[in-house]
>>> print(open('model.txt').read())   # compact mmCIF, C-alpha atoms
# COMPACT_ATOMS: atom_id res chain seq x y z
CA MET A 148 -8.30 -20.91 -0.90
CA LYS A 149 -4.95 -19.60 0.31
CA LYS A 150 -3.75 -20.85 3.68
CA VAL A 151 -1.69 -19.01 6.31
CA LEU A 152 -0.19 -20.43 9.51
CA ILE A 153 0.38 -17.92 12.34
CA ILE A 154 2.82 -18.95 15.09
CA ASP A 155 2.67 -16.39 17.89
CA ASN A 156 2.03 -16.54 21.63
CA HIS A 157 0.49 -13.04 21.73
CA GLN A 158 -3.27 -13.59 21.63
CA LEU A 159 -3.86 -9.93 20.79
CA PHE A 160 -1.81 -10.14 17.62
CA ARG A 161 -3.14 -13.55 16.58
CA ASP A 162 -6.77 -12.52 16.90
CA PHE A 163 -6.33 -9.25 15.06
CA LEU A 164 -4.38 -10.86 12.22
CA LYS A 165 -6.79 -13.76 11.86
CA GLN A 166 -9.76 -11.39 11.69
CA LYS A 167 -8.05 -9.26 9.06
CA LEU A 168 -7.01 -12.16 6.82
CA SER A 169 -10.36 -13.93 7.13
CA ILE A 170 -12.08 -10.88 5.66
CA ASP A 171 -10.16 -11.58 2.44
CA GLN A 172 -11.20 -15.27 2.41
CA ILE A 173 -7.84 -16.60 3.62
CA GLU A 174 -7.86 -19.78 5.70
CA VAL A 175 -5.92 -19.15 8.91
CA SER A 176 -4.41 -21.71 11.30
CA ILE A 177 -3.02 -20.61 14.64
CA SER A 178 -0.35 -21.99 16.94
CA GLN A 179 1.09 -20.51 20.11
CA GLN A 180 4.42 -22.34 20.06
CA PRO A 181 6.88 -23.27 17.26
CA ARG A 182 6.85 -26.98 18.11
CA GLU A 183 3.08 -27.16 17.76
CA GLY A 184 3.35 -24.91 14.72
CA TYR A 185 5.70 -27.34 12.98
CA THR A 186 3.16 -30.16 13.37
CA LYS A 187 0.42 -27.96 11.92
CA MET A 188 2.67 -26.85 9.07
CA ILE A 189 3.47 -30.37 7.86
CA SER A 190 -0.20 -31.36 8.08
CA THR A 191 -1.70 -28.29 6.37
CA LEU A 192 1.16 -27.18 4.05
CA PRO A 193 0.20 -23.48 4.14
CA ASN A 194 1.07 -20.96 1.45
CA LEU A 195 2.71 -18.73 4.06
CA VAL A 196 3.98 -18.95 7.64
CA ILE A 197 3.96 -15.87 9.88
CA LEU A 198 6.36 -16.50 12.76
CA ASP A 199 6.90 -14.35 15.83
CA MET A 200 10.49 -14.51 17.09
CA ASN A 201 11.45 -13.99 20.72
CA GLU A 202 14.67 -12.43 21.96
CA ASP A 203 16.52 -15.73 22.51
CA ARG A 204 15.24 -17.17 19.16
CA GLU A 205 16.06 -20.75 20.22
CA LEU A 206 12.67 -22.38 19.58
CA GLU A 207 12.04 -20.31 16.44
CA MET A 208 15.43 -21.19 14.93
CA ASP A 209 14.80 -24.86 15.65
CA PHE A 210 11.48 -24.54 13.78
CA LEU A 211 13.15 -22.85 10.80
CA GLU A 212 15.93 -25.45 10.62
CA LYS A 213 13.45 -28.34 10.65
CA LYS A 214 11.35 -26.58 8.01
CA ALA A 215 14.38 -26.07 5.75
CA MET A 216 15.38 -29.76 5.99
CA ASP A 217 11.91 -31.07 5.05
CA ILE A 218 11.47 -31.32 1.29
CA ASN A 219 7.72 -30.72 1.66
CA THR A 220 8.06 -27.48 3.63
CA SER A 221 11.41 -25.99 2.61
CA GLN A 222 9.88 -23.82 -0.11
CA ILE A 223 7.10 -22.35 2.07
CA PRO A 224 7.85 -18.62 2.50
CA VAL A 225 8.09 -17.19 6.01
CA ILE A 226 7.42 -13.67 7.28
CA VAL A 227 8.98 -13.05 10.69
CA THR A 228 8.05 -10.47 13.32
CA GLY A 229 10.43 -9.79 16.15
CA PRO A 230 12.72 -7.37 17.97
CA SER A 231 15.08 -5.00 16.18
CA VAL A 232 18.31 -6.81 15.31
CA GLU A 233 21.38 -6.22 13.17
CA ARG A 234 20.87 -6.30 9.39
CA SER A 235 23.42 -9.10 9.03
CA SER A 236 21.48 -11.22 11.50
CA ILE A 237 18.27 -10.64 9.52
CA ALA A 238 19.98 -11.51 6.23
CA SER A 239 21.14 -14.84 7.70
CA LEU A 240 17.49 -15.92 7.91
CA ALA A 241 17.10 -15.90 4.13
CA LYS A 242 18.51 -19.41 3.84
CA TYR A 243 15.51 -20.69 5.82
CA GLY A 244 12.98 -19.19 3.43
CA VAL A 245 12.40 -15.99 5.44
CA ILE A 246 11.47 -13.33 2.91
CA LYS A 247 10.47 -10.49 5.25
CA TYR A 248 11.41 -9.49 8.79
CA PHE A 249 9.27 -6.84 10.50
CA ALA A 250 10.76 -5.27 13.60
CA LYS A 251 8.25 -4.34 16.29
CA PRO A 252 6.28 -2.17 16.54
CA ILE A 253 5.01 -3.32 13.17
CA GLN A 254 4.04 -0.93 10.41
CA PHE A 255 0.80 -2.66 9.49
CA ASP A 256 0.15 -1.24 6.04
CA THR A 257 3.46 -2.53 4.66
CA PHE A 258 3.09 -5.72 6.68
CA PHE A 259 -0.24 -6.55 5.03
CA GLU A 260 1.06 -5.44 1.65
CA SER A 261 3.86 -8.00 1.96
CA ILE A 262 1.40 -10.75 2.91
CA GLY A 263 -0.72 -9.90 -0.12
CA LYS A 264 2.28 -10.07 -2.46
CA VAL A 265 3.32 -13.48 -1.16
CA LEU A 266 -0.20 -14.88 -1.50
CA LYS A 267 -0.77 -13.02 -4.79
CA ILE A 268 -3.95 -11.61 -3.27
CA PRO A 269 -4.25 -7.83 -2.89
CA LEU A 270 -5.50 -7.47 0.68
CA SER A 271 -8.13 -4.83 1.29
CA MET A 272 -6.66 -1.86 3.15
CA ASP A 273 -8.17 1.44 4.23
CA LEU A 274 -5.46 4.02 3.49
CA THR A 275 -7.28 6.98 5.01
CA PRO A 276 -4.72 9.16 6.85
CA CYS A 277 -5.38 8.76 10.55
CA VAL A 278 -3.41 9.51 13.70
CA LEU A 279 -4.63 7.47 16.66
CA ASP A 280 -3.18 7.98 20.13
CA LEU A 281 -4.10 5.60 22.94
CA HIS A 282 -2.88 6.09 26.52
CA HIS A 283 -4.19 5.88 30.07
CA ASN A 284 -3.84 7.55 33.44
CA GLY A 285 -5.16 5.39 36.22
CA ASN A 286 -8.51 4.06 35.09
CA ILE A 287 -9.09 6.84 32.54
CA ILE A 288 -8.24 5.83 28.99
CA PHE A 289 -7.83 8.50 26.33
CA ILE A 290 -8.44 7.68 22.68
CA GLU A 291 -7.56 10.59 20.42
CA PHE A 292 -8.12 10.82 16.68
CA ALA A 293 -6.75 13.34 14.21
CA MET A 294 -6.87 13.70 10.42
CA GLY A 295 -9.47 10.99 9.78
CA LEU A 296 -10.94 7.61 10.69
CA ASN A 297 -9.16 4.54 9.37
CA GLN A 298 -11.02 1.21 9.52
CA GLU A 299 -7.83 -0.81 9.99
CA LYS A 300 -6.96 1.21 13.07
CA LEU A 301 -10.50 1.05 14.38
CA ALA A 302 -10.33 -2.76 14.20
CA LEU A 303 -6.89 -2.78 15.81
CA LEU A 304 -8.12 -0.53 18.59
CA GLN A 305 -10.39 -3.21 20.06
CA TYR A 306 -7.47 -5.56 20.62
CA LYS A 307 -5.10 -2.87 21.84
CA LEU A 308 -7.68 -1.51 24.28
CA THR A 309 -8.51 -5.00 25.55
CA ASP A 310 -4.83 -5.70 26.05
CA MET A 311 -4.31 -2.46 27.99
CA ILE A 312 -7.29 -3.12 30.29
CA ARG A 313 -6.17 -6.70 30.97
CA HIS A 314 -2.47 -6.04 31.56
CA GLU A 315 -3.00 -2.90 33.64
CA ASN A 316 -5.79 -4.54 35.67
CA ILE A 317 -8.14 -1.63 35.06
CA GLU A 318 -11.30 -2.72 36.88
CA SER A 319 -13.63 0.11 35.88
CA PRO A 320 -12.26 1.75 32.75
CA ARG A 321 -13.45 5.26 31.89
CA ILE A 322 -13.13 6.06 28.21
CA ILE A 323 -12.71 9.54 26.72
CA ILE A 324 -12.78 9.65 22.91
CA MET A 325 -11.37 12.90 21.52
CA PHE A 326 -11.78 13.98 17.92
CA THR A 327 -9.01 16.57 17.55
CA ASN A 328 -9.93 19.14 14.90
CA LEU A 329 -11.87 16.45 13.07
CA GLU A 330 -14.92 17.51 11.10
CA LEU A 331 -17.52 14.75 11.18
CA SER A 332 -20.53 14.25 8.93
CA PHE A 333 -22.97 11.54 7.88
CA VAL A 334 -20.27 9.95 5.66
CA ASP A 335 -18.40 9.09 8.86
CA GLY A 336 -21.43 7.38 10.40
CA TYR A 337 -20.35 3.81 9.64
CA ASN A 338 -16.84 4.34 10.99
CA ILE A 339 -18.14 5.99 14.17
CA GLU A 340 -20.49 3.08 14.80
CA PHE A 341 -17.63 0.67 14.09
CA LEU A 342 -15.44 2.56 16.57
CA ILE A 343 -18.01 2.51 19.36
CA GLU A 344 -18.89 -1.14 18.79
CA ASN A 345 -15.21 -2.09 19.05
CA ILE A 346 -14.83 -0.14 22.28
CA MET A 347 -18.00 -1.63 23.77
CA ALA A 348 -16.73 -5.12 22.87
CA CYS A 349 -13.84 -4.67 25.31
CA PRO A 350 -14.30 -6.28 28.74
CA LYS A 351 -15.45 -4.09 31.63
CA VAL A 352 -16.38 -1.14 29.39
CA HIS A 353 -19.90 0.22 29.96
CA THR A 354 -21.68 2.89 27.97
CA LYS A 355 -22.18 5.08 31.07
CA ASN A 356 -18.38 5.39 31.30
CA ILE A 357 -17.82 6.45 27.69
CA LYS A 358 -17.48 10.17 26.97
CA ILE A 359 -16.91 11.72 23.56
CA LEU A 360 -15.26 15.13 23.19
CA SER A 361 -16.50 16.75 19.99
CA THR A 362 -18.32 19.82 18.69
CA SER A 363 -20.10 17.83 15.95
CA LYS A 364 -23.88 18.21 15.93
CA PHE A 365 -24.06 15.15 13.70
CA LEU A 366 -22.28 13.05 16.32
CA VAL A 367 -24.69 14.18 19.05
CA ASP A 368 -27.67 13.20 16.90
CA LEU A 369 -26.09 9.85 16.00
CA ILE A 370 -25.49 8.89 19.65
CA ASP A 371 -28.88 10.15 20.83
CA GLY A 372 -30.66 8.24 18.09
CA HIS A 373 -28.97 4.89 18.75
CA PRO A 374 -30.72 2.82 21.48
CA SER A 375 -27.66 0.69 22.28
CA TYR A 376 -25.58 3.82 22.94
CA ALA A 377 -27.73 4.97 25.84
CA GLY A 378 -25.50 6.44 28.53
CA ILE A 379 -22.75 7.67 26.21
CA GLU A 380 -22.24 11.41 26.62
CA VAL A 381 -21.08 13.80 23.88
CA GLY A 382 -19.78 17.23 24.84
CA ASP A 383 -17.19 19.88 24.14
CA ASN A 384 -16.03 20.57 27.71
CA LEU A 385 -13.16 18.36 28.86
CA PRO A 386 -13.03 19.62 32.50
CA ARG A 387 -16.73 18.87 32.96
CA MET A 388 -16.28 15.37 31.52
CA LEU A 389 -13.35 14.73 33.85
CA ASN A 390 -15.40 15.95 36.82
CA SER A 391 -17.95 13.27 36.00
CA LEU A 392 -15.32 10.52 35.76
CA VAL A 393 -12.82 11.30 38.51
CA ASP A 394 -13.08 11.73 42.25
CA THR A 395 -12.56 15.48 42.57
CA THR A 396 -12.53 15.49 46.37
CA ILE A 397 -8.74 15.26 46.26
CA THR A 398 -8.52 18.77 44.81
CA SER A 399 -10.82 21.71 44.35
CA SER A 400 -9.07 22.87 41.20
CA VAL A 401 -10.05 21.26 37.93
CA SER A 402 -6.93 22.67 36.28
CA ASP A 403 -4.78 20.93 38.92
CA LEU A 404 -6.72 17.75 38.31
CA ILE A 405 -6.05 17.87 34.57
CA THR A 406 -2.37 18.72 34.99
CA ASP A 407 -1.54 16.36 37.85
CA ARG A 408 -3.70 13.37 37.15
CA ILE A 409 -4.54 13.46 33.45
CA LEU A 410 -1.76 15.13 31.49
CA THR A 411 0.93 13.36 33.51
CA SER A 412 1.25 10.04 31.69
CA SER A 413 1.24 6.83 33.66
CA ALA A 414 4.44 4.83 33.57
CA ILE A 415 4.26 2.14 30.92
CA SER A 416 5.01 -1.28 32.29
CA ASP A 417 6.76 -4.01 30.33
CA ALA A 418 3.46 -5.89 30.22
CA GLU A 419 1.85 -3.04 28.32
CA ILE A 420 4.33 -3.31 25.48
CA SER A 421 2.88 -5.90 23.12
CA SER A 422 3.40 -7.04 19.57
CA VAL A 423 0.70 -4.74 18.26
CA GLU A 424 1.02 -0.99 17.97
CA ASN A 425 -1.16 1.55 16.17
CA ARG A 426 1.47 2.30 13.56
CA PHE A 427 1.06 2.92 9.84
CA PHE A 428 3.29 4.75 7.37
CA SER A 429 0.37 7.08 6.78
CA ASP A 430 0.95 8.38 10.33
CA ILE A 431 4.20 9.99 9.28
CA ASN A 432 3.01 10.70 5.73
CA GLN A 433 5.94 9.01 4.06
CA GLY A 434 6.99 5.62 2.80
CA ALA A 435 9.78 3.48 4.09
CA SER A 436 13.21 3.99 2.73
CA ALA A 437 14.44 1.02 0.76
CA GLY A 438 16.10 -1.54 2.93
CA SER A 439 14.93 -0.11 6.24
CA GLU A 440 13.85 -2.47 9.01
CA ASN A 441 10.33 -1.02 8.79
CA ASP A 442 9.68 -2.28 5.26
CA GLY A 443 10.52 -5.84 6.24
CA THR A 444 13.48 -6.23 3.90
CA VAL A 445 15.57 -9.33 4.62
CA LEU A 446 17.98 -9.10 1.67
CA SER A 447 19.38 -6.07 -0.15
CA VAL A 448 20.97 -7.05 -3.45
CA ALA A 449 23.11 -5.06 -5.90
CA ILE A 450 22.85 -6.32 -9.50
CA ILE A 451 25.48 -5.08 -11.97
CA ASP A 452 24.87 -6.03 -15.60
CA SER A 453 25.22 -4.09 -18.85
CA HIS A 454 22.46 -6.08 -20.56
CA PRO A 455 19.08 -4.44 -19.74
CA GLN A 456 17.01 -7.60 -20.23
CA ASP A 457 19.33 -9.74 -18.09
CA LEU A 458 19.33 -7.02 -15.46
CA LEU A 459 15.52 -6.99 -15.35
CA THR A 460 15.27 -10.80 -15.28
CA THR A 461 17.68 -11.14 -12.35
CA LYS A 462 15.98 -8.30 -10.49
CA THR A 463 12.60 -10.01 -10.89
CA VAL A 464 13.94 -13.29 -9.47
CA PHE A 465 15.11 -11.65 -6.26
CA GLU A 466 12.17 -9.29 -5.86
CA THR A 467 9.87 -12.30 -6.03
CA PHE A 468 11.79 -13.61 -3.04
CA GLY A 469 11.16 -10.32 -1.21
CA ALA A 470 14.60 -8.77 -1.68
CA ASN A 471 15.24 -5.09 -2.22
CA CYS A 472 17.24 -4.73 -5.44
CA LYS A 473 19.36 -1.88 -6.84
CA THR A 474 20.47 -2.24 -10.45
CA TYR A 475 23.51 -0.80 -12.23
CA GLN A 476 24.56 -1.02 -15.88
CA SER A 477 28.18 -0.07 -15.32
CA GLY A 478 30.87 -0.24 -12.71
CA GLU A 479 30.95 3.55 -12.50
CA GLU A 480 27.24 3.67 -11.59
CA PHE A 481 27.87 1.13 -8.86
CA TYR A 482 30.87 3.04 -7.46
CA LYS A 483 28.88 6.25 -7.12
CA ASP A 484 26.17 4.53 -5.06
CA TYR A 485 28.15 1.86 -3.21
CA ASP A 486 28.12 1.55 0.55
CA SER A 487 28.96 -1.78 2.19
CA SER A 488 26.11 -1.35 4.67
CA LYS A 489 23.59 -1.11 1.81
CA PHE A 490 23.93 -4.63 0.45
CA ASN A 491 24.00 -8.23 1.65
CA LEU A 492 24.91 -9.60 -1.79
CA VAL A 493 26.36 -8.42 -5.12
CA ILE A 494 25.51 -10.18 -8.39
CA LEU A 495 28.03 -9.17 -11.05
CA ASP A 496 28.29 -9.70 -14.78
CA ILE A 497 32.08 -9.51 -15.08
CA VAL A 498 31.85 -8.27 -18.69
CA LEU A 499 30.65 -4.66 -18.36
CA ILE A 500 30.50 -1.87 -20.92
CA ASP A 501 33.11 0.13 -18.99
CA ASN A 502 35.33 -2.95 -18.36
CA LYS A 503 35.28 -2.47 -14.59
CA GLY A 504 34.14 -5.98 -13.62
CA PHE A 505 37.50 -7.15 -12.28
CA GLU A 506 38.10 -3.72 -10.75
CA ILE A 507 34.90 -4.11 -8.73
CA LEU A 508 36.08 -7.48 -7.43
CA GLN A 509 39.46 -5.99 -6.49
CA ARG A 510 37.88 -3.11 -4.61
CA LEU A 511 35.45 -5.30 -2.67
CA GLN A 512 38.21 -7.78 -1.84
CA ASN A 513 40.14 -4.99 -0.12
CA GLU A 514 37.21 -4.17 2.19
CA SER A 515 36.77 -6.32 5.29
CA ASP A 516 33.02 -5.78 5.53
CA SER A 517 32.13 -6.07 1.85
CA PRO A 518 29.19 -8.25 0.77
CA PRO A 519 29.82 -11.57 -1.02
CA VAL A 520 29.92 -11.49 -4.83
CA VAL A 521 28.33 -14.02 -7.18
CA VAL A 522 29.52 -13.67 -10.78
CA TYR A 523 26.71 -14.32 -13.25
CA SER A 524 28.10 -14.04 -16.80
CA GLN A 525 28.43 -15.64 -20.19
CA PRO A 526 30.98 -18.51 -20.47
CA LEU A 527 34.48 -17.24 -19.68
CA GLN A 528 37.93 -18.51 -20.55
CA ARG A 529 39.65 -20.53 -17.83
CA GLU A 530 42.22 -17.85 -16.97
CA PHE A 531 39.45 -15.31 -16.40
CA VAL A 532 37.60 -17.71 -14.10
CA VAL A 533 40.78 -18.31 -12.09
CA LYS A 534 41.44 -14.56 -11.84
CA MET A 535 37.84 -13.87 -10.83
CA LEU A 536 37.91 -16.46 -8.02
CA SER A 537 41.33 -15.27 -6.84
CA LEU A 538 39.85 -11.78 -6.44
CA GLY A 539 37.25 -13.07 -4.00
CA ALA A 540 34.22 -14.05 -6.07
CA ARG A 541 32.27 -16.62 -4.02
CA SER A 542 30.75 -18.38 -7.02
CA TYR A 543 30.54 -18.28 -10.80
CA MET A 544 27.36 -19.13 -12.69
CA ILE A 545 26.97 -19.25 -16.46
CA LYS A 546 24.00 -17.45 -18.02
CA PRO A 547 21.20 -18.26 -18.34
CA GLN A 548 20.00 -20.18 -15.29
CA LYS A 549 16.53 -21.13 -14.15
CA PRO A 550 15.32 -18.64 -11.49
CA ASN A 551 15.21 -21.21 -8.67
CA ILE A 552 18.76 -22.41 -9.44
CA LEU A 553 20.16 -18.88 -9.40
CA LEU A 554 18.29 -18.02 -6.22
CA ASN A 555 19.25 -21.21 -4.37
CA LYS A 556 22.91 -20.81 -5.32
CA CYS A 557 22.97 -17.25 -3.99
CA LEU A 558 21.25 -18.33 -0.77
CA ALA A 559 23.89 -21.04 -0.37
CA VAL A 560 26.60 -18.38 -0.70
CA LEU A 561 24.88 -16.32 1.97
CA GLN A 562 24.60 -19.39 4.19
CA SER A 563 28.37 -19.89 4.04
CA LYS A 564 28.90 -16.23 4.97
CA PHE A 565 26.80 -16.40 8.13
>>> encode(input="model.txt", output="structure tokens")
Amino acid sequence: MKKVLIIDNHQLFRDFLKQKLSIDQIEVSISQQPREGYTKMISTLPNLVILDMNEDRELEMDFLEKKAMDINTSQIPVIVTGPSVERSSIASLAKYGVIKYFAKPIQFDTFFESIGKVLKIPLSMDLTPCVLDLHHNGNIIFIEFAMGLNQEKLALLQYKLTDMIRHENIESPRIIIMFTNLELSFVDGYNIEFLIENIMACPKVHTKNIKILSTSKFLVDLIDGHPSYAGIEVGDNLPRMLNSLVDTTITSSVSDLITDRILTSSAISDAEISSVENRFFSDINQGASAGSENDGTVLSVAIIDSHPQDLLTTKTVFETFGANCKTYQSGEEFYKDYDSSKFNLVILDIVLIDNKGFEILQRLQNESDSPPVVVYSQPLQREFVVKMLSLGARSYMIKPQKPNILLNKCLAVLQSKF
């Protein structure tokens, strides 16, 4: 059985993640603090560590440094969640075994996909397009769905709703569930029951204070026929529902009530911002661009090699480590696509079909913000090695090398850069 250690002081995130991974038969250990987490790591030797990083990073960096120095734990991969930071700062974590860094709010579909790749277990994911909006005004909480019902978001909703009620000190929460232009039928029955059960599992929520805005006859029959849902009301008239939930003595106009007290969003306090958000790439109907902070990329590597098989082999080594790789078979291809902000590392076979290997080194040497270059080539004559190093190459490795040797050497080069 695969083992994962989660180090995070956000209970909401820990509970949600543990529930999700346990479904796929993954053994999960939990720690709130890095120091405790280090003790658990050396005793359990997990297959993966998921580490939440705070703004000051002091305790987390101490954990990573100790992990890297211990021969028994240095090779354990780490996925980090944390605040948005500069790409160079993220790349500097690679030397500690960090293979992915997810800036908050986390895109959960790519987050779980990355966990599955590390563990070599395809995690079950519901990819149904679903837009879920959760907000509150006073003690009224609005949960609005569009497009469809996604089981991952329905599970996440319980923790997000619980967190909102706790942090905002909502003593008597009133829930309005709105299905925006969503056609419901018997095939949605399981998901609707799952949704309501998750909402009812939240503290202080009572069925008499749950209202559902929908025109679905199926939904009415489902609620009416379920004994444990007694008290839940289904209707298609929002003003009437609000009248039953809010003290209307402050105004005689329902339209004023909706505008002033419902459609005017409450200010969001710092406490309400947590490590979990209802975000998936399916929300925006597009994937992440390569190397963006949302896809968790720690390293972006350019590989320039005129030998297709060598190119593929090197690419595989770094992709296994979680890097985003762009490959080029000539110097001209690389020039057309090059941007210093795109890459943290360049791996160059100096002997290219267009003879631009040394030219590439010369060009990068003249740029102050260029990424470091590791030359990975067949044996070269001494004068070529001297010329190559004088043009700024950080290291020279002779083909072929074992994958771990090539990877560790490149990480050492990155370590010297940061």
>>> axis_aligned_box(input="model.txt", around="segment 155-159 of chain A", padding_each_side="3 Å", output="AutoDock Vina command-line options")
--center_x -0.6 --center_y -13.2 --center_z 19.8 --size_x 12.5 --size_y 12.6 --size_z 9.8
>>> atom_distance(input="model.txt", atom1="atom CA of Ser235 of chain A", atom2="atom CA of Arg161 of chain A")
28.0 Å
>>> residues_around(input="model.txt", residues="Asp371 of chain A", least_positions_apart="6", cutoff="10 Å", atoms="all atoms listed in the file", output="list of chain:residue names")
A:Phe365, A:Ala377, A:Gly378, A:Ile379, A:Glu380, A:Val381
>>> residues_around(input="model.txt", residues="Leu508 of chain A", least_positions_apart="2", cutoff="10 Å", atoms="only C-alpha atoms", output="number ranges by chain")
A: 495, 497, 503-506, 510-513, 519-520, 522, 534-540
>>> closest_residue(input="model.txt", among="A:Ile170, A:Met311, A:Val227, A:Leu527", to="His282 of chain A", atoms="only C-alpha atoms")
A:Met311
>>> closest_residue(input="model.txt", among="A:Lys546, A:Lys167, A:Lys214, A:Lys247", to="Lys264 of chain A", atoms="all atoms listed in the file")
A:Lys247
>>> atom_distance(input="model.txt", atom1="atom CA of Ser231 of chain A", atom2="atom CA of Ala250 of chain A")
5.0 Å
>>> closest_atom_pairs(input="model.txt", of="segment 317-387 of chain A", to="segment 288-304 of chain A", cutoff="10 Å", atoms="only C-alpha atoms", output="Markdown table")
| residue | atom | partner | partner_atom | distance |
| --- | --- | --- | --- | --- |
| A:Ile317 | CA | A:Ile288 | CA | 9.6 |
| A:Pro320 | CA | A:Ile288 | CA | 6.9 |
| A:Arg321 | CA | A:Ile288 | CA | 6.0 |
| A:Ile322 | CA | A:Ile288 | CA | 5.0 |
| A:Ile323 | CA | A:Phe289 | CA | 5.0 |
| A:Ile324 | CA | A:Ile290 | CA | 4.8 |
| A:Met325 | CA | A:Glu291 | CA | 4.6 |
| A:Phe326 | CA | A:Phe292 | CA | 5.0 |
| A:Thr327 | CA | A:Ala293 | CA | 5.2 |
| A:Asn328 | CA | A:Ala293 | CA | 6.7 |
| A:Leu329 | CA | A:Ala293 | CA | 6.1 |
| A:Glu330 | CA | A:Gly295 | CA | 8.6 |
| A:Leu331 | CA | A:Gly295 | CA | 9.0 |
| A:Asp335 | CA | A:Leu296 | CA | 7.8 |
| A:Tyr337 | CA | A:Gln298 | CA | 9.7 |
| A:Asn338 | CA | A:Leu296 | CA | 6.8 |
| A:Ile339 | CA | A:Leu296 | CA | 8.2 |
| A:Phe341 | CA | A:Leu301 | CA | 7.1 |
| A:Leu342 | CA | A:Leu301 | CA | 5.6 |
| A:Ile343 | CA | A:Leu301 | CA | 9.1 |
| A:Glu344 | CA | A:Leu301 | CA | 9.7 |
| A:Asn345 | CA | A:Ala302 | CA | 6.9 |
| A:Ile346 | CA | A:Leu304 | CA | 7.7 |
| A:Cys349 | CA | A:Leu304 | CA | 9.7 |
| A:Ile357 | CA | A:Ile288 | CA | 9.7 |
| A:Lys358 | CA | A:Phe289 | CA | 9.8 |
| A:Ile359 | CA | A:Ile290 | CA | 9.4 |
| A:Leu360 | CA | A:Glu291 | CA | 9.4 |
>>> residues_near_point(input="model.txt", point="(2.1, -20.3, 2.3)", cutoff="12 Å", atoms="only C-alpha atoms", output="PyMOL selection string")
chain A and resi 148-153+173-176+188-189+191-198+219-226+244-246+262-268
>>> closest_residue(input="model.txt", among="A:Leu211, A:Cys472, A:Leu446, A:Leu168", to="Ala238 of chain A", atoms="all atoms listed in the file")
A:Leu446
>>> atom_distance(input="model.txt", atom1="atom CA of Val367 of chain A", atom2="atom CA of Glu318 of chain A")
28.0 Å
>>> closest_residue(input="model.txt", among="A:Asp171, A:Asp256, A:Asp155, A:Asp457", to="Leu206 of chain A", atoms="all atoms listed in the file")
A:Asp155
>>> residues_around(input="model.txt", residues="segment 542-544 of chain A", least_positions_apart="6", cutoff="9 Å", atoms="all atoms listed in the file", output="number ranges by chain")
A: 520-526, 532, 535-536, 553, 556-557, 560
>>> closest_residue(input="model.txt", among="A:Glu233, A:Glu202, A:Asp383, A:Asp442", to="Gln254 of chain A", atoms="only C-alpha atoms")
A:Asp442
>>> closest_residue(input="model.txt", among="A:Pro547, A:Ser261, A:Asn491, A:Ile500", to="Ser236 of chain A", atoms="all atoms listed in the file")
A:Asn491
